[in-house]
Amino acid sequence: MITNQWFIGRQNDSESSARSYPRKFPFALKKAKGSWVEDVEGNRYLDFLCGAGTLALGHNDESVNQAMIELIQSGAPLHTLDLTTPVKDKYVETIFSILPREMQGNVKIQFCSPSGTDAVDAAIKLCKTATGRGTVIAFSGGYHGMGHGALALTGNLGAKSKIQGLMSGVQFMPYPYSYRCPFGLGGEEGVKAACSYFERTLKDPESGIAKPAAVIIEPIQGEGGVIPAPALFLQTVRRVTEELGIPMIVDEIQCGIGRSGQVFAFEESGIIPDVILMSKAIGGSQPMSVVVYNKELDKWAPGAHAGTFRGNQLAMAAGTVVLEKISEPEFLSEVRRKGKRIKSALEELQKEVSIIGDVRGRGLMLGIEFINPNGEKDIMGHPEASGTIASDVQKRCFEKHLVMEKGGRNGSVMRCLCALTVTDDEIDTMLSIFSSVVREIDSELK
């Protein structure tokens with residue numbers, strides 16, 4: 001019998017040491033359907049990672065697969081660079097149709113290389129070209145990708161520590177994080193402080209910060225620990241950037257496409273950005289990334305940004321199905337309901353144990369921050385974050401056949417990125433496994 005370890009051993013011998021997921025989940029996948037994956041040994045696992053949020057409709061959704069099968073059987077081209085096709089035309093029309101009404105009819109789209117990183121780089125190039133300026137403002141805790149430009153905009157220092165010469169001219173500002181407020185305030189006062197700092201800094205002639213080409217922000221930080229930006233903060237960033245003529249880029253690569261319970265996470269705040277970055281779920285399991293932006297920024301010359309695989313027709317056909325599905329009001333309502341159900345259960349668990357410091361998020365993008373109850377406390381009186389405990393939770397959950405990923409400061413936040421089609425029974429299974437593991441570890445520490 002060929003085992004998981006046989007494949008893992010071959011992978012260890014042949015693949016780069018940069019590989020990450022196999023270190024946490026040492027199995028070889030053979031089958032997948034909905035919220036479940038099966039390894040080569042026949043073990044089934046409940047998948048609450050789902051391609052880091054890419055598989056909005058779960059693994060091998062029948063309608064998505066059927067769209068790809070029909071395209072292949074039709075004889076249509078599968079690789080087209082940026083030449084147009086009926087499939088592409090429909091895909092663009094569908095993307096535009098899910099935008100806020102205020103944006104429709106006033107935007108253009110740029111197809112990028114398949115990863116979200118390239119969409120970030122494209123957006124920065126777009127805004128620098130349109131404004132003639134060279135600097136960018138990003139936020140602490142943000143994650144925008146691993147390319148040289150996108151990595152420069154990312155808060156995580158571990159990923160940058162050995163890389164010199166990243167894109168210059170990036171200025172980081174505080175992002176509201178109530179549990180570990182950068183101003184030591186928390187709550188509404190912490191949000192007001194972040195708003196005031198952002199506005200005063202950009203409008204202060206003595207701030208030392210030049211007027212940037214763009215401001216880039218995640219409406220809900222993902223890799224940074226599932227931290228939603230309060231509506232007031234997004235509204236302040238939008239108002240100030242509009243007043244100063246600075247393009248506002250919202251990175252919806254992970255938090256968008258129904259994940260938050262709305263089509264786009266920024267919609268809860270009522271703002272209209274200049275640029276939206278999309279990837280992950282928009283390709284219906286296939287690689288795709290795009291930048292949608294206000295027509296006024298369209299100052300590019302032909303060929304100013306390109307990518308060989310930006311004409312992925314399979315992704316467009318599959319992605320159209322996903323976009324149509326997630327934009328249905330009933331579908332989004334279910335995402336919100338299921339998210340509230342999970343969050344409520346996790347908050348009840350938090351009351352029982354000493355190792356959960358915070359539960360946060362929106363829709364089916366949730367985070368559970370683990371703490372060392374016996375560790376040193378910060379200025380707000382919260383115990384230190386514990387990546388060690390989070391890793392132990394992750395490991396034991398995997399042993400009980402639940403796949404979940406970590407993130408956040410020091411890797412202390414367990415994250416829910418399940419399929420948006422997850423069932424109530426599957427939620428029950430997840431909560432049962434997760435809660436039993438957390439209680440077990442908590443009792444061992446007492």
# chains A, B, ... in the order shown; residues from 1 in each chain; ligands from 1
call {"tool": "select_by_dssp", "arguments": {"residues": "stretch 269-367 of chain A", "states": "strand (DSSP E)", "output": "PyMOL selection string"}}
result
chain A and resi 275-278+290-294+356-362+365-367
call {"tool": "write_last_selection", "arguments": {"atoms": "N, CA and C atoms", "output": "compact mmCIF listing (two decimals), in the first residue's frame"}}
result
# COMPACT_ATOMS: atom_id res chain seq x y z
N VAL A 275 -9.92 51.42 -6.48
CA VAL A 275 -9.35 50.19 -7.05
C VAL A 275 -9.75 49.01 -6.17
N ILE A 276 -10.16 47.90 -6.80
CA ILE A 276 -10.45 46.66 -6.08
C ILE A 276 -9.56 45.56 -6.62
N LEU A 277 -8.90 44.84 -5.71
CA LEU A 277 -8.07 43.71 -6.09
C LEU A 277 -8.85 42.43 -5.83
N MET A 278 -8.89 41.54 -6.83
CA MET A 278 -9.61 40.28 -6.70
C MET A 278 -8.75 39.12 -7.20
N VAL A 290 -7.49 39.82 -10.98
CA VAL A 290 -7.83 41.00 -11.76
C VAL A 290 -7.76 42.25 -10.89
N VAL A 291 -7.62 43.37 -11.55
CA VAL A 291 -7.74 44.68 -10.91
C VAL A 291 -8.89 45.41 -11.58
N VAL A 292 -9.85 45.86 -10.79
CA VAL A 292 -10.96 46.66 -11.29
C VAL A 292 -10.78 48.07 -10.75
N TYR A 293 -10.83 49.08 -11.62
CA TYR A 293 -10.46 50.43 -11.18
C TYR A 293 -11.25 51.51 -11.91
N ASN A 294 -11.30 52.66 -11.27
CA ASN A 294 -11.96 53.84 -11.84
C ASN A 294 -11.31 54.22 -13.17
N ILE A 356 -8.13 31.25 25.14
CA ILE A 356 -8.64 32.06 24.03
C ILE A 356 -8.76 33.51 24.48
N GLY A 357 -8.04 34.38 23.81
CA GLY A 357 -8.08 35.79 24.17
C GLY A 357 -9.13 36.58 23.43
N ASP A 358 -9.37 36.22 22.17
CA ASP A 358 -10.30 37.01 21.36
C ASP A 358 -10.88 36.15 20.25
N VAL A 359 -12.15 36.39 19.92
CA VAL A 359 -12.83 35.77 18.78
C VAL A 359 -13.35 36.91 17.93
N ARG A 360 -13.05 36.90 16.65
CA ARG A 360 -13.42 38.05 15.81
C ARG A 360 -13.62 37.62 14.36
N GLY A 361 -14.13 38.56 13.57
CA GLY A 361 -14.32 38.32 12.15
C GLY A 361 -15.75 38.58 11.72
N ARG A 362 -16.00 38.37 10.43
CA ARG A 362 -17.33 38.55 9.87
C ARG A 362 -17.62 37.42 8.89
N MET A 365 -15.29 34.30 7.69
CA MET A 365 -13.88 34.65 7.84
C MET A 365 -13.69 35.02 9.31
N LEU A 366 -13.33 34.01 10.11
CA LEU A 366 -13.27 34.16 11.56
C LEU A 366 -11.88 33.81 12.09
N GLY A 367 -11.52 34.44 13.20
CA GLY A 367 -10.22 34.18 13.82
C GLY A 367 -10.36 33.97 15.32
call {"tool": "residues_around", "arguments": {"residues": "stretch 65-70 of chain A", "least_positions_apart": "6", "cutoff": "12 Å", "atoms": "only C-alpha atoms", "output": "PDB file with N, CA and C atoms, in the first residue's frame"}}
result
ATOM      1  N   LYS A  33     -14.376  16.597  -2.189  1.00  0.00           N
ATOM      2  CA  LYS A  33     -15.749  16.927  -2.570  1.00  0.00           C
ATOM      3  C   LYS A  33     -16.349  17.808  -1.493  1.00  0.00           C
ATOM      4  N   LEU A  57     -17.145  27.619  -3.212  1.00  0.00           N
ATOM      5  CA  LEU A  57     -18.231  26.641  -3.299  1.00  0.00           C
ATOM      6  C   LEU A  57     -17.742  25.244  -2.932  1.00  0.00           C
ATOM      7  N   GLY A  58     -16.593  25.151  -2.312  1.00  0.00           N
ATOM      8  CA  GLY A  58     -16.050  23.867  -1.902  1.00  0.00           C
ATOM      9  C   GLY A  58     -15.331  23.157  -3.038  1.00  0.00           C
ATOM     10  N   HIS A  59     -14.852  21.964  -2.738  1.00  0.00           N
ATOM     11  CA  HIS A  59     -14.136  21.157  -3.730  1.00  0.00           C
ATOM     12  C   HIS A  59     -15.089  20.555  -4.746  1.00  0.00           C
ATOM     13  N   ALA A  76     -13.367  25.404 -27.697  1.00  0.00           N
ATOM     14  CA  ALA A  76     -12.948  26.799 -27.524  1.00  0.00           C
ATOM     15  C   ALA A  76     -11.485  26.864 -27.095  1.00  0.00           C
ATOM     16  N   LEU A  78      -8.306  27.614 -24.841  1.00  0.00           N
ATOM     17  CA  LEU A  78      -8.134  27.647 -23.398  1.00  0.00           C
ATOM     18  C   LEU A  78      -7.095  28.665 -22.965  1.00  0.00           C
ATOM     19  N   VAL A  87     -16.487  33.806 -23.772  1.00  0.00           N
ATOM     20  CA  VAL A  87     -16.353  33.407 -22.361  1.00  0.00           C
ATOM     21  C   VAL A  87     -15.816  34.569 -21.531  1.00  0.00           C
ATOM     22  N   GLY A 283     -11.743  32.609  -9.624  1.00  0.00           N
ATOM     23  CA  GLY A 283     -11.430  31.678 -10.699  1.00  0.00           C
ATOM     24  C   GLY A 283     -12.121  30.340 -10.565  1.00  0.00           C
ATOM     25  N   GLY A 284     -13.012  30.187  -9.603  1.00  0.00           N
ATOM     26  CA  GLY A 284     -13.742  28.943  -9.455  1.00  0.00           C
ATOM     27  C   GLY A 284     -12.855  27.734  -9.282  1.00  0.00           C
ATOM     28  N   SER A 285     -11.777  27.883  -8.540  1.00  0.00           N
ATOM     29  CA  SER A 285     -10.748  26.863  -8.253  1.00  0.00           C
ATOM     30  C   SER A 285      -9.562  26.939  -9.209  1.00  0.00           C
ATOM     31  N   GLN A 286      -9.681  27.722 -10.264  1.00  0.00           N
ATOM     32  CA  GLN A 286      -8.582  27.884 -11.217  1.00  0.00           C
ATOM     33  C   GLN A 286      -7.885  29.229 -11.003  1.00  0.00           C
ATOM     34  N   ASN A 312      -6.772  32.895 -18.970  1.00  0.00           N
ATOM     35  CA  ASN A 312      -7.188  31.561 -18.529  1.00  0.00           C
ATOM     36  C   ASN A 312      -8.699  31.381 -18.697  1.00  0.00           C
ATOM     37  N   GLN A 313      -9.093  30.751 -19.803  1.00  0.00           N
ATOM     38  CA  GLN A 313     -10.517  30.617 -20.121  1.00  0.00           C
ATOM     39  C   GLN A 313     -11.265  29.678 -19.173  1.00  0.00           C
ATOM     40  N   LEU A 314     -10.582  28.636 -18.695  1.00  0.00           N
ATOM     41  CA  LEU A 314     -11.214  27.737 -17.737  1.00  0.00           C
ATOM     42  C   LEU A 314     -11.587  28.490 -16.460  1.00  0.00           C
ATOM     43  N   ALA A 315     -10.679  29.340 -16.007  1.00  0.00           N
ATOM     44  CA  ALA A 315     -10.951  30.126 -14.800  1.00  0.00           C
ATOM     45  C   ALA A 315     -12.117  31.084 -15.022  1.00  0.00           C
ATOM     46  N   MET A 316     -12.212  31.636 -16.205  1.00  0.00           N
ATOM     47  CA  MET A 316     -13.307  32.562 -16.495  1.00  0.00           C
ATOM     48  C   MET A 316     -14.656  31.846 -16.528  1.00  0.00           C
ATOM     49  N   ALA A 317     -14.683  30.667 -17.137  1.00  0.00           N
ATOM     50  CA  ALA A 317     -15.926  29.904 -17.197  1.00  0.00           C
ATOM     51  C   ALA A 317     -16.343  29.450 -15.805  1.00  0.00           C
ATOM     52  N   ALA A 318     -15.387  28.917 -15.042  1.00  0.00           N
ATOM     53  CA  ALA A 318     -15.685  28.454 -13.688  1.00  0.00           C
ATOM     54  C   ALA A 318     -16.001  29.627 -12.768  1.00  0.00           C
ATOM     55  N   GLY A 319     -15.243  30.706 -12.916  1.00  0.00           N
ATOM     56  CA  GLY A 319     -15.424  31.874 -12.066  1.00  0.00           C
ATOM     57  C   GLY A 319     -16.772  32.543 -12.258  1.00  0.00           C
ATOM     58  N   THR A 320     -17.290  32.513 -13.479  1.00  0.00           N
ATOM     59  CA  THR A 320     -18.606  33.099 -13.743  1.00  0.00           C
ATOM     60  C   THR A 320     -19.674  32.399 -12.900  1.00  0.00           C
ATOM     61  N   VAL A 321     -19.564  31.090 -12.797  1.00  0.00           N
ATOM     62  CA  VAL A 321     -20.529  30.330 -11.990  1.00  0.00           C
ATOM     63  C   VAL A 321     -20.455  30.753 -10.531  1.00  0.00           C
ATOM     64  N   VAL A 322     -19.228  30.872 -10.012  1.00  0.00           N
ATOM     65  CA  VAL A 322     -19.042  31.262  -8.607  1.00  0.00           C
ATOM     66  C   VAL A 322     -19.582  32.663  -8.358  1.00  0.00           C
TER      67      VAL A 322
END
call {"tool": "closest_residue", "arguments": {"among": "A:Thr429, A:Thr84, A:Thr129, A:Gln221", "to": "A:Ala301", "atoms": "only C-alpha atoms"}}
result
A:Thr129
call {"tool": "closest_atom_pairs", "arguments": {"of": "stretch 149-240 of chain A", "to": "stretch 137-140 of chain A", "cutoff": "10 Å", "atoms": "only C-alpha atoms", "output": "CSV"}}
result
residue,atom,partner,partner_atom,distance
A:Ala152,CA,A:Ala138,CA,9.2
A:Leu153,CA,A:Ala138,CA,5.8
A:Thr154,CA,A:Ala138,CA,7.6
A:Gly155,CA,A:Ser140,CA,5.0
A:Asn156,CA,A:Ser140,CA,8.1
A:Gly169,CA,A:Ile137,CA,8.5
A:Val170,CA,A:Ile137,CA,5.8
A:Gln171,CA,A:Ile137,CA,4.8
A:Phe172,CA,A:Ala138,CA,4.9
A:Met173,CA,A:Phe139,CA,4.8
A:Pro174,CA,A:Ser140,CA,5.6
A:Tyr175,CA,A:Phe139,CA,5.7
A:Pro176,CA,A:Ser140,CA,9.3
A:Tyr177,CA,A:Ser140,CA,9.9
A:Pro182,CA,A:Ser140,CA,9.5
A:Leu202,CA,A:Ile137,CA,10.0
A:Ile209,CA,A:Ile137,CA,9.4
A:Ala210,CA,A:Ile137,CA,10.0
A:Lys211,CA,A:Ile137,CA,9.3
A:Pro212,CA,A:Ile137,CA,6.6
A:Ala213,CA,A:Ile137,CA,8.3
A:Ala214,CA,A:Ile137,CA,6.4
A:Val215,CA,A:Ile137,CA,4.7
A:Ile216,CA,A:Ala138,CA,5.3
A:Ile217,CA,A:Ala138,CA,6.3
A:Glu218,CA,A:Phe139,CA,8.6
A:Gln221,CA,A:Phe139,CA,9.7
A:Gly224,CA,A:Ser140,CA,8.4
call {"tool": "write_last_selection", "arguments": {"atoms": "N, CA, C and O atoms", "output": "compact mmCIF listing (two decimals), in the first residue's frame"}}
result
# COMPACT_ATOMS: atom_id res chain seq x y z
N ALA A 152 6.83 44.18 -0.06
CA ALA A 152 7.20 45.46 0.54
C ALA A 152 6.01 46.09 1.25
O ALA A 152 6.18 46.84 2.22
N LEU A 153 4.80 45.79 0.77
CA LEU A 153 3.58 46.35 1.34
C LEU A 153 3.02 45.50 2.48
O LEU A 153 2.02 45.87 3.09
N THR A 154 3.64 44.36 2.74
CA THR A 154 3.17 43.40 3.73
C THR A 154 3.82 43.67 5.08
O THR A 154 5.01 43.96 5.16
N GLY A 155 3.02 43.55 6.14
CA GLY A 155 3.53 43.87 7.47
C GLY A 155 4.46 42.85 8.06
O GLY A 155 5.40 43.19 8.79
N ASN A 156 4.26 41.57 7.77
CA ASN A 156 5.02 40.50 8.41
C ASN A 156 6.51 40.63 8.17
O ASN A 156 6.99 40.54 7.04
N GLY A 169 9.91 53.36 -0.68
CA GLY A 169 8.85 54.35 -0.62
C GLY A 169 7.57 53.87 0.00
O GLY A 169 6.49 54.43 -0.25
N VAL A 170 7.63 52.82 0.84
CA VAL A 170 6.43 52.32 1.51
C VAL A 170 6.40 52.84 2.95
O VAL A 170 7.37 52.69 3.69
N GLN A 171 5.31 53.46 3.32
CA GLN A 171 5.13 53.98 4.67
C GLN A 171 3.99 53.20 5.34
O GLN A 171 2.89 53.12 4.81
N PHE A 172 4.26 52.61 6.51
CA PHE A 172 3.23 51.87 7.23
C PHE A 172 2.55 52.74 8.27
O PHE A 172 3.20 53.55 8.94
N MET A 173 1.24 52.54 8.40
CA MET A 173 0.46 53.25 9.41
C MET A 173 -0.29 52.25 10.28
O MET A 173 -0.51 51.10 9.88
N PRO A 174 -0.72 52.65 11.47
CA PRO A 174 -1.43 51.74 12.37
C PRO A 174 -2.80 51.34 11.82
O PRO A 174 -3.51 52.15 11.24
N TYR A 175 -3.14 50.07 12.04
CA TYR A 175 -4.44 49.53 11.65
C TYR A 175 -5.20 49.21 12.93
O TYR A 175 -4.64 48.61 13.85
N PRO A 176 -6.45 49.61 13.04
CA PRO A 176 -7.20 49.36 14.28
C PRO A 176 -7.27 47.87 14.60
O PRO A 176 -7.68 47.07 13.76
N TYR A 177 -6.88 47.51 15.79
CA TYR A 177 -6.83 46.12 16.24
C TYR A 177 -7.22 46.16 17.71
O TYR A 177 -6.39 46.30 18.59
N PRO A 182 -2.81 49.40 18.82
CA PRO A 182 -1.48 50.02 18.70
C PRO A 182 -1.32 51.28 19.56
O PRO A 182 -0.21 51.71 19.83
N LEU A 202 -1.39 62.59 7.13
CA LEU A 202 -1.43 62.90 5.71
C LEU A 202 -1.64 64.38 5.43
O LEU A 202 -1.25 64.88 4.37
N ILE A 209 6.08 62.77 5.48
CA ILE A 209 5.57 61.74 4.56
C ILE A 209 5.02 62.42 3.31
O ILE A 209 4.06 63.19 3.38
N ALA A 210 5.63 62.14 2.19
CA ALA A 210 5.19 62.74 0.93
C ALA A 210 3.83 62.19 0.51
O ALA A 210 3.46 61.07 0.86
N LYS A 211 3.10 62.98 -0.23
CA LYS A 211 1.81 62.56 -0.73
C LYS A 211 2.00 61.30 -1.58
O LYS A 211 2.75 61.29 -2.56
N PRO A 212 1.32 60.21 -1.21
CA PRO A 212 1.57 58.93 -1.89
C PRO A 212 0.81 58.76 -3.20
O PRO A 212 -0.15 59.48 -3.48
N ALA A 213 1.25 57.76 -3.96
CA ALA A 213 0.55 57.40 -5.19
C ALA A 213 -0.71 56.63 -4.88
O ALA A 213 -1.66 56.61 -5.68
N ALA A 214 -0.76 55.98 -3.70
CA ALA A 214 -1.93 55.17 -3.34
C ALA A 214 -1.88 54.81 -1.87
O ALA A 214 -0.82 54.86 -1.23
N VAL A 215 -3.04 54.46 -1.35
CA VAL A 215 -3.18 53.84 -0.03
C VAL A 215 -3.81 52.49 -0.27
O VAL A 215 -4.84 52.38 -0.93
N ILE A 216 -3.18 51.43 0.25
CA ILE A 216 -3.70 50.08 0.07
C ILE A 216 -4.09 49.49 1.41
O ILE A 216 -3.35 49.62 2.39
N ILE A 217 -5.27 48.85 1.46
CA ILE A 217 -5.78 48.35 2.73
C ILE A 217 -6.65 47.11 2.52
O ILE A 217 -7.35 46.99 1.51
N GLU A 218 -6.57 46.17 3.45
CA GLU A 218 -7.50 45.03 3.50
C GLU A 218 -8.68 45.41 4.39
O GLU A 218 -8.48 45.75 5.56
N GLN A 221 -8.21 42.15 7.54
CA GLN A 221 -6.88 41.57 7.41
C GLN A 221 -6.98 40.06 7.59
O GLN A 221 -7.58 39.57 8.55
N GLY A 224 -2.87 38.61 8.71
CA GLY A 224 -2.53 39.40 9.89
C GLY A 224 -3.31 39.01 11.13
O GLY A 224 -3.05 39.54 12.22
call {"tool": "residues_around", "arguments": {"residues": "A:Thr236", "least_positions_apart": "2", "cutoff": "10 Å", "atoms": "only C-alpha atoms", "output": "JSON, numbers by chain"}}
result
{"A": [192, 194, 195, 196, 198, 199, 231, 232, 233, 234, 238, 239, 240, 241, 242, 271]}
call {"tool": "write_last_selection", "arguments": {"atoms": "N, CA and C atoms", "output": "short mmCIF file (atom, residue, chain, number, x, y, z; two decimals), in the first residue's frame"}}
result
data_model
loop_
_atom_site.label_atom_id
_atom_site.label_comp_id
_atom_site.auth_asym_id
_atom_site.auth_seq_id
_atom_site.Cartn_x
_atom_site.Cartn_y
_atom_site.Cartn_z
N LYS A 192 -10.89 55.79 17.00
CA LYS A 192 -10.80 57.24 16.80
C LYS A 192 -9.34 57.69 16.73
N ALA A 194 -6.78 55.88 15.68
CA ALA A 194 -6.24 55.46 14.39
C ALA A 194 -6.72 56.39 13.27
N CYS A 195 -7.99 56.78 13.33
CA CYS A 195 -8.53 57.71 12.34
C CYS A 195 -7.81 59.05 12.41
N SER A 196 -7.65 59.55 13.62
CA SER A 196 -7.00 60.84 13.81
C SER A 196 -5.55 60.80 13.33
N PHE A 198 -4.19 58.82 11.07
CA PHE A 198 -4.13 58.74 9.61
C PHE A 198 -4.37 60.11 8.99
N GLU A 199 -5.44 60.78 9.43
CA GLU A 199 -5.78 62.06 8.82
C GLU A 199 -4.74 63.14 9.12
N ALA A 231 -15.94 50.25 10.42
CA ALA A 231 -16.52 51.08 9.36
C ALA A 231 -16.01 52.51 9.42
N LEU A 232 -15.90 53.07 10.63
CA LEU A 232 -15.44 54.44 10.77
C LEU A 232 -14.03 54.62 10.21
N PHE A 233 -13.18 53.62 10.40
CA PHE A 233 -11.82 53.74 9.90
C PHE A 233 -11.79 53.72 8.38
N LEU A 234 -12.51 52.78 7.77
CA LEU A 234 -12.55 52.75 6.30
C LEU A 234 -13.16 54.03 5.74
N ARG A 238 -11.24 56.64 3.30
CA ARG A 238 -11.84 57.02 2.02
C ARG A 238 -12.02 58.54 1.92
N ARG A 239 -12.53 59.15 2.97
CA ARG A 239 -12.76 60.60 2.94
C ARG A 239 -11.44 61.36 2.76
N VAL A 240 -10.44 60.99 3.52
CA VAL A 240 -9.16 61.71 3.47
C VAL A 240 -8.48 61.51 2.12
N THR A 241 -8.50 60.29 1.60
CA THR A 241 -7.86 60.05 0.30
C THR A 241 -8.59 60.79 -0.81
N GLU A 242 -9.90 60.88 -0.71
CA GLU A 242 -10.65 61.65 -1.71
C GLU A 242 -10.30 63.13 -1.63
N ILE A 271 -18.37 52.62 1.68
CA ILE A 271 -17.43 53.40 0.87
C ILE A 271 -17.41 52.90 -0.57
#
call {"tool": "residues_around", "arguments": {"residues": "A:Thr421", "least_positions_apart": "2", "cutoff": "9 Å", "atoms": "only C-alpha atoms", "output": "list in words"}}
result
Gly34, Ser35, Ala56, Leu57, Gly58, Phe331, Glu334, Val335, Cys418, Ala419 and Thr423 of chain A
call {"tool": "write_last_selection", "arguments": {"atoms": "C-alpha atoms", "output": "PDB file, in the first residue's frame"}}
result
ATOM      1  CA  GLY A  34     -17.502  19.860  -0.931  1.00  0.00           C
ATOM      2  CA  SER A  35     -15.949  20.472   2.483  1.00  0.00           C
ATOM      3  CA  ALA A  56     -15.874  29.432  -2.188  1.00  0.00           C
ATOM      4  CA  LEU A  57     -18.231  26.641  -3.299  1.00  0.00           C
ATOM      5  CA  GLY A  58     -16.050  23.867  -1.902  1.00  0.00           C
ATOM      6  CA  PHE A 331     -26.665  32.819  -0.490  1.00  0.00           C
ATOM      7  CA  GLU A 334     -26.780  32.022   4.663  1.00  0.00           C
ATOM      8  CA  VAL A 335     -23.093  32.932   4.878  1.00  0.00           C
ATOM      9  CA  CYS A 418     -14.251  27.033   5.109  1.00  0.00           C
ATOM     10  CA  ALA A 419     -16.336  26.691   1.972  1.00  0.00           C
ATOM     11  CA  THR A 423     -23.490  22.642   5.990  1.00  0.00           C
TER      12      THR A 423
END
call {"tool": "atom_distance", "arguments": {"atom1": "atom CA of A:Ser344", "atom2": "atom CA of A:Gly363"}}
result
11.7 Å
call {"tool": "select_by_dssp", "arguments": {"residues": "stretch 271-406 of chain A", "states": "alpha helix (DSSP H)", "output": "VMD selection string"}}
result
chain A and resid 313 to 326 329 to 352 387 to 399
call {"tool": "write_last_selection", "arguments": {"atoms": "C-alpha atoms", "output": "PDB file, in the first residue's frame"}}
result
ATOM      1  CA  GLN A 313     -10.517  30.617 -20.121  1.00  0.00           C
ATOM      2  CA  LEU A 314     -11.214  27.737 -17.737  1.00  0.00           C
ATOM      3  CA  ALA A 315     -10.951  30.126 -14.800  1.00  0.00           C
ATOM      4  CA  MET A 316     -13.307  32.562 -16.495  1.00  0.00           C
ATOM      5  CA  ALA A 317     -15.926  29.904 -17.197  1.00  0.00           C
ATOM      6  CA  ALA A 318     -15.685  28.454 -13.688  1.00  0.00           C
ATOM      7  CA  GLY A 319     -15.424  31.874 -12.066  1.00  0.00           C
ATOM      8  CA  THR A 320     -18.606  33.099 -13.743  1.00  0.00           C
ATOM      9  CA  VAL A 321     -20.529  30.330 -11.990  1.00  0.00           C
ATOM     10  CA  VAL A 322     -19.042  31.262  -8.607  1.00  0.00           C
ATOM     11  CA  LEU A 323     -19.669  34.987  -9.038  1.00  0.00           C
ATOM     12  CA  GLU A 324     -23.296  34.437 -10.029  1.00  0.00           C
ATOM     13  CA  LYS A 325     -23.844  32.137  -7.055  1.00  0.00           C
ATOM     14  CA  ILE A 326     -22.210  34.207  -4.313  1.00  0.00           C
ATOM     15  CA  PRO A 329     -28.981  37.620  -1.603  1.00  0.00           C
ATOM     16  CA  GLU A 330     -30.157  34.293  -0.186  1.00  0.00           C
ATOM     17  CA  PHE A 331     -26.665  32.819  -0.490  1.00  0.00           C
ATOM     18  CA  LEU A 332     -25.071  35.770   1.302  1.00  0.00           C
ATOM     19  CA  SER A 333     -27.719  35.644   4.002  1.00  0.00           C
ATOM     20  CA  GLU A 334     -26.780  32.022   4.663  1.00  0.00           C
ATOM     21  CA  VAL A 335     -23.093  32.932   4.878  1.00  0.00           C
ATOM     22  CA  ARG A 336     -23.927  35.519   7.524  1.00  0.00           C
ATOM     23  CA  ARG A 337     -26.155  33.094   9.428  1.00  0.00           C
ATOM     24  CA  LYS A 338     -23.588  30.317   9.450  1.00  0.00           C
ATOM     25  CA  GLY A 339     -20.821  32.737  10.396  1.00  0.00           C
ATOM     26  CA  LYS A 340     -22.816  34.078  13.342  1.00  0.00           C
ATOM     27  CA  ARG A 341     -23.535  30.535  14.467  1.00  0.00           C
ATOM     28  CA  ILE A 342     -19.848  29.563  14.493  1.00  0.00           C
ATOM     29  CA  LYS A 343     -18.776  32.820  16.098  1.00  0.00           C
ATOM     30  CA  SER A 344     -21.390  32.542  18.834  1.00  0.00           C
ATOM     31  CA  ALA A 345     -20.279  29.004  19.676  1.00  0.00           C
ATOM     32  CA  LEU A 346     -16.637  30.083  19.777  1.00  0.00           C
ATOM     33  CA  GLU A 347     -17.475  32.993  22.077  1.00  0.00           C
ATOM     34  CA  GLU A 348     -19.183  30.559  24.442  1.00  0.00           C
ATOM     35  CA  LEU A 349     -16.090  28.351  24.339  1.00  0.00           C
ATOM     36  CA  GLN A 350     -13.959  31.414  25.112  1.00  0.00           C
ATOM     37  CA  LYS A 351     -15.890  31.891  28.356  1.00  0.00           C
ATOM     38  CA  GLU A 352     -15.054  28.337  29.440  1.00  0.00           C
ATOM     39  CA  GLY A 387       1.779  30.643  18.687  1.00  0.00           C
ATOM     40  CA  THR A 388       2.838  27.541  20.603  1.00  0.00           C
ATOM     41  CA  ILE A 389      -0.680  26.867  21.877  1.00  0.00           C
ATOM     42  CA  ALA A 390      -2.199  27.668  18.466  1.00  0.00           C
ATOM     43  CA  SER A 391       0.208  25.193  16.837  1.00  0.00           C
ATOM     44  CA  ASP A 392      -0.772  22.541  19.351  1.00  0.00           C
ATOM     45  CA  VAL A 393      -4.460  23.187  18.636  1.00  0.00           C
ATOM     46  CA  GLN A 394      -3.822  22.921  14.906  1.00  0.00           C
ATOM     47  CA  LYS A 395      -1.848  19.685  15.265  1.00  0.00           C
ATOM     48  CA  ARG A 396      -4.436  17.978  17.459  1.00  0.00           C
ATOM     49  CA  CYS A 397      -7.295  19.118  15.235  1.00  0.00           C
ATOM     50  CA  PHE A 398      -5.507  17.565  12.266  1.00  0.00           C
ATOM     51  CA  GLU A 399      -5.080  14.323  14.199  1.00  0.00           C
TER      52      GLU A 399
END
